>>> print(open('final_21.csv').read())   # CSV, C-alpha atoms
chain,number,residue,atom,x,y,z
A,1,MET,CA,206.2,196.2,53.2
A,2,ASN,CA,208.5,197.5,55.9
A,3,ARG,CA,211.6,195.7,57.1
A,4,ILE,CA,210.2,194.2,60.3
A,5,THR,CA,207.3,192.7,58.3
A,6,LEU,CA,209.7,191.3,55.7
A,7,LEU,CA,211.9,189.8,58.4
A,8,SER,CA,209.0,188.1,60.3
A,9,VAL,CA,207.5,186.8,57.0
A,10,CYS,CA,210.8,185.3,56.0
A,11,MET,CA,211.3,183.7,59.4
A,12,SER,CA,207.8,182.2,59.7
A,13,VAL,CA,208.0,180.9,56.1
A,14,ALA,CA,211.4,179.4,56.9
A,15,LEU,CA,209.9,177.7,60.0
A,16,LEU,CA,207.0,176.4,58.0
A,17,VAL,CA,209.2,175.0,55.2
A,18,TYR,CA,211.6,173.4,57.8
A,19,ILE,CA,208.7,171.7,59.6
A,20,LEU,CA,207.2,170.4,56.4
A,21,GLU,CA,210.6,169.1,55.2
A,22,MET,CA,211.1,167.3,58.5
A,23,VAL,CA,207.8,165.6,58.2
A,24,ARG,CA,208.5,164.8,54.5
A,25,ARG,CA,211.8,163.1,55.5
A,26,ARG,CA,210.0,161.3,58.3
A,27,ARG,CA,212.2,163.0,60.9
A,28,LEU,CA,209.1,164.4,62.6
A,29,ARG,CA,205.9,162.6,63.0
A,30,GLU,CA,202.7,164.2,61.6
A,31,GLU,CA,201.0,164.2,64.9
A,32,TYR,CA,203.8,166.2,66.5
A,33,SER,CA,204.0,168.6,63.5
A,34,ILE,CA,200.4,169.8,63.8
A,35,LEU,CA,201.1,172.2,66.6
A,36,TRP,CA,204.3,173.5,65.0
A,37,LEU,CA,202.6,174.1,61.6
A,38,PHE,CA,199.7,175.8,63.3
A,39,GLY,CA,202.0,178.0,65.3
A,40,SER,CA,204.1,179.1,62.3
A,41,LEU,CA,200.9,179.8,60.3
A,42,VAL,CA,199.7,182.0,63.0
A,43,ILE,CA,203.0,183.9,63.1
A,44,LEU,CA,202.9,184.2,59.3
A,45,ILE,CA,199.3,185.6,59.3
A,46,LEU,CA,200.0,188.1,62.0
A,47,SER,CA,203.1,189.3,60.2
A,48,VAL,CA,201.2,190.1,57.1
A,49,LYS,CA,198.0,191.3,58.7
A,50,ARG,CA,199.4,193.5,61.4
A,51,ASP,CA,196.1,195.3,61.8
A,52,TRP,CA,194.5,192.0,62.8
A,53,LEU,CA,197.0,191.7,65.6
A,54,ALA,CA,196.1,195.2,66.8
A,55,ARG,CA,192.4,194.5,66.6
A,56,LEU,CA,192.7,191.2,68.4
A,57,SER,CA,194.9,192.8,71.0
A,58,PHE,CA,192.5,195.6,71.7
A,59,SER,CA,189.5,193.3,71.8
A,60,ALA,CA,191.3,191.3,74.5
A,61,GLY,CA,191.8,194.6,76.4
A,62,ILE,CA,195.6,194.8,75.8
A,63,ALA,CA,196.7,198.3,74.8
A,64,TYR,CA,200.1,197.3,73.5
A,65,PRO,CA,199.8,194.8,70.6
A,66,PRO,CA,203.3,193.3,71.0
A,67,SER,CA,202.3,192.3,74.5
A,68,PHE,CA,199.5,190.3,73.1
A,69,LEU,CA,201.9,188.7,70.7
A,70,PHE,CA,204.1,187.6,73.6
A,71,LEU,CA,201.1,186.3,75.5
A,72,VAL,CA,200.1,184.2,72.5
A,73,GLY,CA,203.7,183.0,72.0
A,74,ILE,CA,204.0,181.9,75.6
A,75,LEU,CA,200.7,180.1,75.6
A,76,PHE,CA,201.7,178.3,72.5
A,77,ILE,CA,205.0,177.2,74.0
A,78,LEU,CA,203.2,176.1,77.1
A,79,LEU,CA,200.8,174.0,75.0
A,80,ILE,CA,203.7,172.4,73.2
A,81,LEU,CA,205.5,171.5,76.4
A,82,ILE,CA,202.4,169.9,77.9
A,83,HIS,CA,202.0,168.0,74.7
A,84,PHE,CA,205.6,166.7,75.1
A,85,SER,CA,205.0,165.8,78.8
A,86,ILE,CA,202.1,163.7,77.7
A,87,ALA,CA,204.0,162.1,74.9
A,88,ILE,CA,206.9,161.3,77.3
A,89,SER,CA,204.5,159.7,79.8
A,90,LYS,CA,203.1,157.6,77.1
A,91,LEU,CA,206.5,156.5,76.0
A,92,HIS,CA,207.5,155.8,79.6
A,93,GLN,CA,204.5,153.5,80.0
A,94,MET,CA,205.2,151.7,76.7
A,95,ASN,CA,208.9,151.4,77.6
A,96,LYS,CA,208.0,149.9,81.0
A,97,ARG,CA,205.7,147.3,79.4
A,98,MET,CA,208.3,146.3,76.8
A,99,ALA,CA,211.0,145.9,79.4
A,100,GLN,CA,208.7,143.7,81.5
A,101,GLU,CA,207.7,141.6,78.6
A,102,LEU,CA,211.3,141.3,77.4
A,103,ALA,CA,212.3,140.0,80.8
A,104,LEU,CA,209.5,137.5,80.8
A,105,LEU,CA,210.3,136.4,77.3
A,106,LYS,CA,214.0,135.9,78.0
A,107,GLU,CA,213.1,133.8,81.0
A,108,SER,CA,210.7,131.6,79.1
A,109,ALA,CA,213.2,131.3,76.2
A,110,GLU,CA,215.9,130.1,78.6
A,111,LYS,CA,213.4,127.5,79.9
A,112,GLY,CA,212.9,126.5,76.3
A,113,GLU,CA,209.2,127.0,76.3
A,114,GLY,CA,208.8,129.5,73.4
A,115,GLY,CA,207.1,132.8,73.7
A,116,GLY,CA,205.1,134.5,76.5
A,117,THR,CA,201.4,134.6,76.7
A,118,LEU,CA,200.9,138.2,77.7
A,119,GLN,CA,197.7,139.9,76.9
A,120,PRO,CA,197.9,143.6,76.0
B,121,MET,CA,202.9,129.8,95.7
B,122,LEU,CA,205.4,132.3,94.5
B,123,VAL,CA,207.9,134.3,96.6
B,124,ALA,CA,208.8,137.4,94.6
B,125,ILE,CA,212.0,139.4,95.4
B,126,PRO,CA,212.7,142.6,93.5
B,127,ALA,CA,216.4,143.3,93.6
B,128,TYR,CA,218.7,146.1,92.6
B,129,ARG,CA,222.3,145.9,93.5
B,130,GLU,CA,221.8,143.1,96.0
B,131,GLU,CA,224.6,140.8,94.9
B,132,ARG,CA,225.9,140.4,98.5
B,133,SER,CA,222.6,139.5,100.2
B,134,ILE,CA,220.3,138.0,97.5
B,135,GLY,CA,221.9,134.6,97.4
B,136,ALA,CA,221.5,134.0,101.1
B,137,VAL,CA,217.9,135.2,101.1
B,138,VAL,CA,217.0,132.9,98.2
B,139,ALA,CA,218.8,129.9,99.7
B,140,ALA,CA,217.1,130.5,103.1
B,141,ILE,CA,213.7,130.4,101.5
B,142,GLN,CA,214.4,127.3,99.5
B,143,HIS,CA,215.9,125.6,102.5
B,144,LYS,CA,212.8,126.2,104.6
B,145,PHE,CA,209.9,126.1,102.2
B,146,SER,CA,208.8,124.6,98.9
B,147,TYR,CA,207.7,127.9,97.4
B,148,ASP,CA,208.9,128.9,93.9
B,149,VAL,CA,211.3,131.8,94.4
B,150,LEU,CA,211.4,134.6,91.7
B,151,VAL,CA,214.0,137.3,91.7
B,152,VAL,CA,213.3,140.3,89.5
B,153,ASN,CA,216.6,141.9,88.8
B,154,ASP,CA,215.9,145.6,88.1
B,155,GLY,CA,218.7,146.2,85.7
B,156,SER,CA,221.5,145.9,88.3
B,157,PRO,CA,224.9,146.4,86.9
B,158,ASP,CA,226.5,144.1,89.5
B,159,GLY,CA,226.2,140.3,90.0
B,160,THR,CA,222.7,140.3,91.4
B,161,SER,CA,221.3,138.2,88.6
B,162,ALA,CA,224.1,135.6,88.7
B,163,ALA,CA,224.0,135.3,92.5
B,164,ALA,CA,220.2,134.7,92.4
B,165,ARG,CA,220.5,132.1,89.7
B,166,HIS,CA,223.3,130.4,91.5
B,167,ALA,CA,221.1,130.1,94.6
B,168,GLY,CA,218.5,128.5,92.4
B,169,ALA,CA,215.9,131.2,92.0
B,170,ILE,CA,213.9,131.9,88.8
B,171,VAL,CA,215.4,135.1,87.6
B,172,LEU,CA,213.8,137.8,85.4
B,173,ASP,CA,216.3,140.3,84.1
B,174,LEU,CA,214.9,143.7,83.3
B,175,PRO,CA,216.9,145.3,80.5
B,176,CYS,CA,216.8,148.7,82.3
B,177,ASN,CA,216.1,150.0,85.7
B,178,LEU,CA,212.3,150.4,86.0
B,179,GLY,CA,212.2,151.3,89.7
B,180,ILE,CA,210.7,149.2,92.5
B,181,GLY,CA,207.1,149.4,91.3
B,182,GLY,CA,207.9,148.4,87.7
B,183,ALA,CA,210.1,145.5,89.0
B,184,VAL,CA,207.4,144.2,91.4
B,185,GLN,CA,204.8,144.5,88.6
B,186,THR,CA,207.0,142.2,86.5
B,187,ALA,CA,206.7,139.6,89.2
B,188,PHE,CA,202.9,140.1,89.2
B,189,LEU,CA,202.9,139.5,85.4
B,190,TYR,CA,205.0,136.3,85.9
B,191,ALA,CA,202.6,135.1,88.6
B,192,MET,CA,199.6,135.9,86.4
B,193,ASN,CA,201.0,134.0,83.4
B,194,GLY,CA,202.2,131.2,85.6
B,195,GLY,CA,198.7,130.7,87.1
B,196,TYR,CA,199.9,131.3,90.7
B,197,ASP,CA,197.1,131.7,93.3
B,198,ALA,CA,199.2,133.7,95.7
B,199,LEU,CA,202.3,135.8,95.8
B,200,VAL,CA,204.5,137.0,98.7
B,201,ARG,CA,206.8,139.9,98.1
B,202,ILE,CA,209.9,140.4,100.3
B,203,ASP,CA,213.0,142.5,100.1
B,204,GLY,CA,216.3,141.1,98.8
B,205,ASP,CA,218.5,142.7,101.4
B,206,GLY,CA,217.6,140.3,104.2
B,207,GLN,CA,215.6,142.8,106.3
B,208,HIS,CA,212.5,140.7,106.2
B,209,GLU,CA,212.3,137.7,108.4
B,210,ILE,CA,211.9,134.6,106.2
B,211,ASP,CA,210.2,132.7,109.0
B,212,ASP,CA,207.3,135.1,108.9
B,213,ILE,CA,206.3,134.2,105.3
B,214,PRO,CA,203.8,131.5,106.4
B,215,SER,CA,202.0,133.9,108.8
B,216,VAL,CA,201.8,136.5,106.1
B,217,LEU,CA,200.4,133.9,103.7
B,218,LYS,CA,197.9,132.3,106.0
B,219,PRO,CA,195.0,134.7,105.8
B,220,ILE,CA,195.2,134.4,102.0
B,221,LEU,CA,195.2,130.6,102.0
B,222,ASP,CA,192.3,130.6,104.5
B,223,GLU,CA,190.6,133.0,102.1
B,224,HIS,CA,190.1,135.6,104.8
B,225,ALA,CA,191.9,138.3,103.0
B,226,ASP,CA,192.9,139.5,99.5
B,227,ALA,CA,196.0,141.2,100.8
B,228,VAL,CA,198.1,140.6,103.9
B,229,ILE,CA,200.6,143.3,104.9
B,230,GLY,CA,203.4,142.5,107.3
B,231,SER,CA,203.7,145.2,109.9
B,232,ARG,CA,206.8,145.7,112.0
B,233,PHE,CA,204.8,147.7,114.6
B,234,LEU,CA,202.3,145.0,115.6
B,235,GLY,CA,204.8,142.7,117.2
B,236,GLU,CA,206.3,142.9,120.7
B,237,LYS,CA,209.7,144.3,119.5
B,238,GLU,CA,210.2,148.0,119.6
B,239,TYR,CA,211.7,149.5,116.5
B,240,ARG,CA,213.9,152.6,116.7
B,241,ILE,CA,213.1,154.7,113.7
B,242,SER,CA,214.2,158.3,112.9
B,243,ILE,CA,211.9,161.3,113.6
B,244,PRO,CA,211.2,162.0,109.9
B,245,ARG,CA,210.2,158.4,109.4
B,246,ILE,CA,207.9,158.5,112.4
B,247,PHE,CA,206.3,161.7,110.9
B,248,GLY,CA,206.0,160.0,107.5
B,249,ILE,CA,204.5,156.9,108.8
B,250,HIS,CA,201.9,158.8,110.9
B,251,PHE,CA,201.1,161.0,107.9
B,252,PHE,CA,200.5,158.0,105.6
B,253,ARG,CA,198.5,156.2,108.3
B,254,LEU,CA,196.3,159.2,108.4
B,255,LEU,CA,196.1,159.5,104.6
B,256,VAL,CA,195.2,155.8,104.2
B,257,GLY,CA,192.7,155.8,107.0
B,258,LEU,CA,191.0,159.0,105.8
B,259,PHE,CA,190.5,157.8,102.2
B,260,THR,CA,190.1,154.1,102.5
B,261,GLY,CA,189.0,153.4,106.1
B,262,TYR,CA,191.8,150.8,106.3
B,263,ARG,CA,193.4,151.0,109.7
B,264,VAL,CA,197.1,150.4,109.1
B,265,THR,CA,200.1,150.5,111.3
B,266,ASP,CA,202.9,150.1,108.8
B,267,PRO,CA,201.7,151.8,105.5
B,268,THR,CA,205.0,151.6,103.7
B,269,SER,CA,205.7,147.9,104.4
B,270,GLY,CA,207.2,146.0,101.5
B,271,PHE,CA,206.5,142.6,103.0
B,272,PHE,CA,203.1,141.5,101.8
B,273,ALA,CA,201.1,138.7,100.2
B,274,ILE,CA,198.3,139.0,97.7
B,275,ASN,CA,195.8,136.6,96.1
B,276,ARG,CA,195.0,135.8,92.5
B,277,ARG,CA,192.5,138.6,92.2
B,278,LEU,CA,195.0,141.3,93.2
B,279,ILE,CA,197.8,139.7,91.1
B,280,GLU,CA,195.6,140.2,88.0
B,281,PHE,CA,194.6,143.7,88.9
B,282,TYR,CA,198.2,144.8,89.8
B,283,SER,CA,199.5,143.3,86.5
B,284,TYR,CA,197.7,146.2,84.8
B,285,HIS,CA,197.6,148.9,87.5
B,286,TYR,CA,200.6,149.3,89.8
B,287,PRO,CA,202.4,152.5,90.6
B,288,SER,CA,205.9,152.9,89.2
B,289,ASP,CA,207.6,154.1,92.3
B,290,TYR,CA,206.9,154.0,96.0
B,291,PRO,CA,203.9,151.7,95.4
B,292,GLU,CA,203.1,150.5,98.9
B,293,VAL,CA,201.0,153.4,100.1
B,294,ASP,CA,199.3,153.8,96.8
B,295,ALA,CA,198.4,150.2,96.8
B,296,TYR,CA,195.9,150.9,99.6
B,297,ILE,CA,193.8,153.1,97.5
B,298,LEU,CA,193.8,150.6,94.6
B,299,MET,CA,192.7,147.9,97.0
B,300,HIS,CA,190.1,150.1,98.4
B,301,ARG,CA,188.8,150.9,94.9
B,302,LEU,CA,188.6,147.1,94.3
B,303,GLY,CA,186.9,146.5,97.6
B,304,ALA,CA,189.7,144.2,98.6
B,305,ARG,CA,189.9,142.8,102.1
B,306,THR,CA,193.2,143.6,103.8
B,307,VAL,CA,194.7,142.5,107.1
B,308,GLU,CA,198.0,143.3,108.8
B,309,VAL,CA,200.0,140.7,110.6
B,310,PRO,CA,203.1,141.2,112.8
B,311,VAL,CA,206.4,140.6,111.2
B,312,ARG,CA,210.0,141.0,112.3
B,313,MET,CA,212.5,143.3,110.6
B,314,HIS,CA,216.3,143.0,110.8
B,315,ALA,CA,218.7,145.8,110.4
B,316,ARG,CA,220.1,146.1,107.0
B,317,ALA,CA,222.9,143.5,106.4
B,318,GLU,CA,224.6,145.5,103.7
B,319,GLY,CA,224.9,149.2,103.2
B,320,LYS,CA,222.7,152.0,104.5
B,321,SER,CA,219.4,153.4,103.3
B,322,SER,CA,220.3,156.1,100.9
B,323,ILE,CA,217.3,158.3,101.4
B,324,THR,CA,218.1,162.0,101.8
B,325,THR,CA,215.8,164.7,103.1
B,326,PHE,CA,215.0,165.8,99.6
B,327,ASP,CA,214.1,162.3,98.6
B,328,ALA,CA,211.9,161.9,101.6
B,329,LEU,CA,210.1,165.2,100.8
B,330,TYR,CA,209.7,164.2,97.2
B,331,TYR,CA,208.5,160.8,98.3
B,332,MET,CA,205.8,162.4,100.5
B,333,VAL,CA,204.6,164.7,97.8
B,334,LYS,CA,204.6,162.2,95.0
B,335,VAL,CA,202.9,159.5,97.0
B,336,THR,CA,200.2,161.9,98.3
B,337,LEU,CA,199.6,163.1,94.7
B,338,SER,CA,199.3,159.7,93.1
B,339,PHE,CA,197.3,158.5,96.0
B,340,LEU,CA,194.8,161.3,95.6
B,341,ILE,CA,194.7,160.8,91.8
B,342,ASN,CA,194.1,157.1,92.2
B,343,ALA,CA,191.2,158.0,94.4
B,344,ILE,CA,189.4,159.7,91.5
B,345,ARG,CA,190.9,157.7,88.5
B,346,ARG,CA,188.9,155.3,86.4
B,347,PHE,CA,190.2,151.8,86.0
B,348,GLY,CA,189.3,150.1,82.8
>>> encode(input="final_21.csv", output="structure tokens")
Amino acid sequence: MNRITLLSVCMSVALLVYILEMVRRRRLREEYSILWLFGSLVILILSVKRDWLARLSFSAGIAYPPSFLFLVGILFILLILIHFSIAISKLHQMNKRMAQELALLKESAEKGEGGGTLQP
Amino acid sequence: MLVAIPAYREERSIGAVVAAIQHKFSYDVLVVNDGSPDGTSAAARHAGAIVLDLPCNLGIGGAVQTAFLYAMNGGYDALVRIDGDGQHEIDDIPSVLKPILDEHADAVIGSRFLGEKEYRISIPRIFGIHFFRLLVGLFTGYRVTDPTSGFFAINRRLIEFYSYHYPSDYPEVDAYILMHRLGARTVEVPVRMHARAEGKSSITTFDALYYMVKVTLSFLINAIRRFG
């Protein structure tokens, strides 16, 4: 095992352990961890099986394997960012609804009529 | 009958608007305070309006939608929305409501360009208005003169629909495609507009450009979206 392989194995294992630990401590939700776990597993596999990377790269028509690695990395980051945009949009929608319901509830509480009657 | 007024930082004008409506008509007046840090809420309460205080600033569409939710829960059959800065002429409220009460329309939009008075508007605004007229006409067949008007009335059917589907910001142009998808009957009536009593419109060139792009995008998306 040469030094670069050792380095990338260590880094991807550290990433994997860190993500799992965050999920275990409930600092990261399972649904958001899937992409990260998947990503760090891919890095780990490609670090150990460097000939796989070369073969994948050539079959994609890319002569220089590291370029293929960059491509995969960039696509992965892109995917995660889109995932976040979707999650933020969902949170935005929920936040809006909650603010609206809160305003309605406050008003009806001030009137002394108890809770609102909103349907979901 | 509910008159809904979304308000953000309108403490100097909102009281007079609420008082004027209550003096002239027997409508319920609802002010949705969109998280204003100033005395908007207190001024509206003092004038006798029902006040909904949003805990944070949702933007105009989110604030107006809160009024739709209130109208839906309260069983109102019609809602008129006006601005809180005194630009819309209170005396025009009955004429905006009339086609709804006569059941001739689901939505009535007040247009400042249908009356006799000439309005001086800036070149970019003229461009924007023509662009949105074209967009609305092309995709909905509605012939509108004032596509960005915030002075309108809607009936129960639209109150219920908008309670679930209403754009977050710059909702007026977007609303046309929603109404078109619903098969709603719309009509424009002439209304008068006053110059702003307080402050100046703070729209910059960049805002205007963003507005055009955002509205066009969400308009087109709404044309192909599914509404559950």
>>> atom_distance(input="final_21.csv", atom1="CA of Ile180 (chain B)", atom2="CA of Asp289 (chain B)")
5.8 Å
>>> interface_residues(input="final_21.csv", of="chain B", to="chain A", cutoff="6 Å", atoms="only C-alpha atoms", output="PyMOL selection string")
chain B and resi 172-174+186
>>> residues_near_point(input="final_21.csv", point="(209.5, 133.6, 95.1)", cutoff="6 Å", atoms="all atoms listed in the file", output="VMD selection string")
chain B and resid 122 to 124 148 to 150
>>> atom_distance(input="final_21.csv", atom1="CA of Gly257 (chain B)", atom2="CA of Val293 (chain B)")
11.1 Å
>>> atom_distance(input="final_21.csv", atom1="CA of Ile4 (chain A)", atom2="CA of Ile45 (chain A)")
13.9 Å
>>> closest_residue(input="final_21.csv", among="B:Arg263, B:Arg132, B:Arg312, B:Arg345", to="Val216 (chain B)", atoms="only C-alpha atoms")
B:Arg312
>>> residues_around(input="final_21.csv", residues="Arg129 (chain B)", least_positions_apart="2", cutoff="7 Å", atoms="all atoms listed in the file", output="JSON, numbers by chain")
{"B": [127, 131, 156, 158, 160]}
>>> closest_residue(input="final_21.csv", among="A:Ile88, A:Ile34, A:Val9, A:Val17", to="Leu46 (chain A)", atoms="all atoms listed in the file")
A:Val9
>>> closest_residue(input="final_21.csv", among="B:Tyr296, B:Ala136, B:Ile210, B:Lys218", to="Leu258 (chain B)", atoms="all atoms listed in the file")
B:Tyr296
>>> residues_around(input="final_21.csv", residues="Val309 (chain B)", least_positions_apart="3", cutoff="9 Å", atoms="only C-alpha atoms", output="PyMOL selection string")
chain B and resi 215-216+228-232+234-235
>>> closest_residue(input="final_21.csv", among="B:Thr325, B:Asn153, B:Thr268, B:Asn275", to="Ala225 (chain B)", atoms="only C-alpha atoms")
B:Asn275
>>> build_atoms(input="final_21.csv", residues="region 294-312 of chain B", atoms="N, CA and C atoms", output="tab-separated table (two decimals), in the frame of the given file")
chain	number	residue	atom	x	y	z
B	294	ASP	N	200.26	153.76	97.87
B	294	ASP	CA	199.30	153.80	96.80
B	294	ASP	C	198.46	152.59	96.64
B	295	ALA	N	199.06	151.45	96.93
B	295	ALA	CA	198.40	150.20	96.80
B	295	ALA	C	197.08	150.16	97.61
B	296	TYR	N	197.11	150.87	98.75
B	296	TYR	CA	195.90	150.90	99.60
B	296	TYR	C	194.71	151.44	98.92
B	297	ILE	N	194.92	152.53	98.18
B	297	ILE	CA	193.80	153.10	97.50
B	297	ILE	C	193.29	152.23	96.37
B	298	LEU	N	194.24	151.56	95.70
B	298	LEU	CA	193.80	150.60	94.60
B	298	LEU	C	193.01	149.50	95.24
B	299	MET	N	193.47	148.98	96.38
B	299	MET	CA	192.70	147.90	97.00
B	299	MET	C	191.37	148.35	97.50
B	300	HIS	N	191.34	149.58	97.99
B	300	HIS	CA	190.10	150.10	98.40
B	300	HIS	C	189.09	150.27	97.27
B	301	ARG	N	189.62	150.72	96.13
B	301	ARG	CA	188.80	150.90	94.90
B	301	ARG	C	188.23	149.53	94.48
B	302	LEU	N	189.02	148.50	94.69
B	302	LEU	CA	188.60	147.10	94.30
B	302	LEU	C	187.71	146.50	95.34
B	303	GLY	N	187.63	147.11	96.49
B	303	GLY	CA	186.90	146.50	97.60
B	303	GLY	C	187.61	145.29	98.17
B	304	ALA	N	188.95	145.32	98.12
B	304	ALA	CA	189.70	144.20	98.60
B	304	ALA	C	189.73	144.16	100.15
B	305	ARG	N	189.79	142.95	100.67
B	305	ARG	CA	189.90	142.80	102.10
B	305	ARG	C	191.37	142.75	102.49
B	306	THR	N	191.80	143.63	103.39
B	306	THR	CA	193.20	143.60	103.80
B	306	THR	C	193.32	143.34	105.27
B	307	VAL	N	194.44	142.76	105.64
B	307	VAL	CA	194.70	142.50	107.10
B	307	VAL	C	196.21	142.70	107.28
B	308	GLU	N	196.58	143.23	108.43
B	308	GLU	CA	198.00	143.30	108.80
B	308	GLU	C	198.34	142.22	109.78
B	309	VAL	N	199.52	141.66	109.63
B	309	VAL	CA	200.00	140.70	110.60
B	309	VAL	C	201.38	141.14	111.09
B	310	PRO	N	201.74	140.80	112.31
B	310	PRO	CA	203.10	141.20	112.80
B	310	PRO	C	204.19	140.49	112.07
B	311	VAL	N	205.24	141.21	111.70
B	311	VAL	CA	206.40	140.60	111.20
B	311	VAL	C	207.66	141.21	111.85
B	312	ARG	N	208.77	140.49	111.76
B	312	ARG	CA	210.00	141.00	112.30
B	312	ARG	C	210.85	141.63	111.23
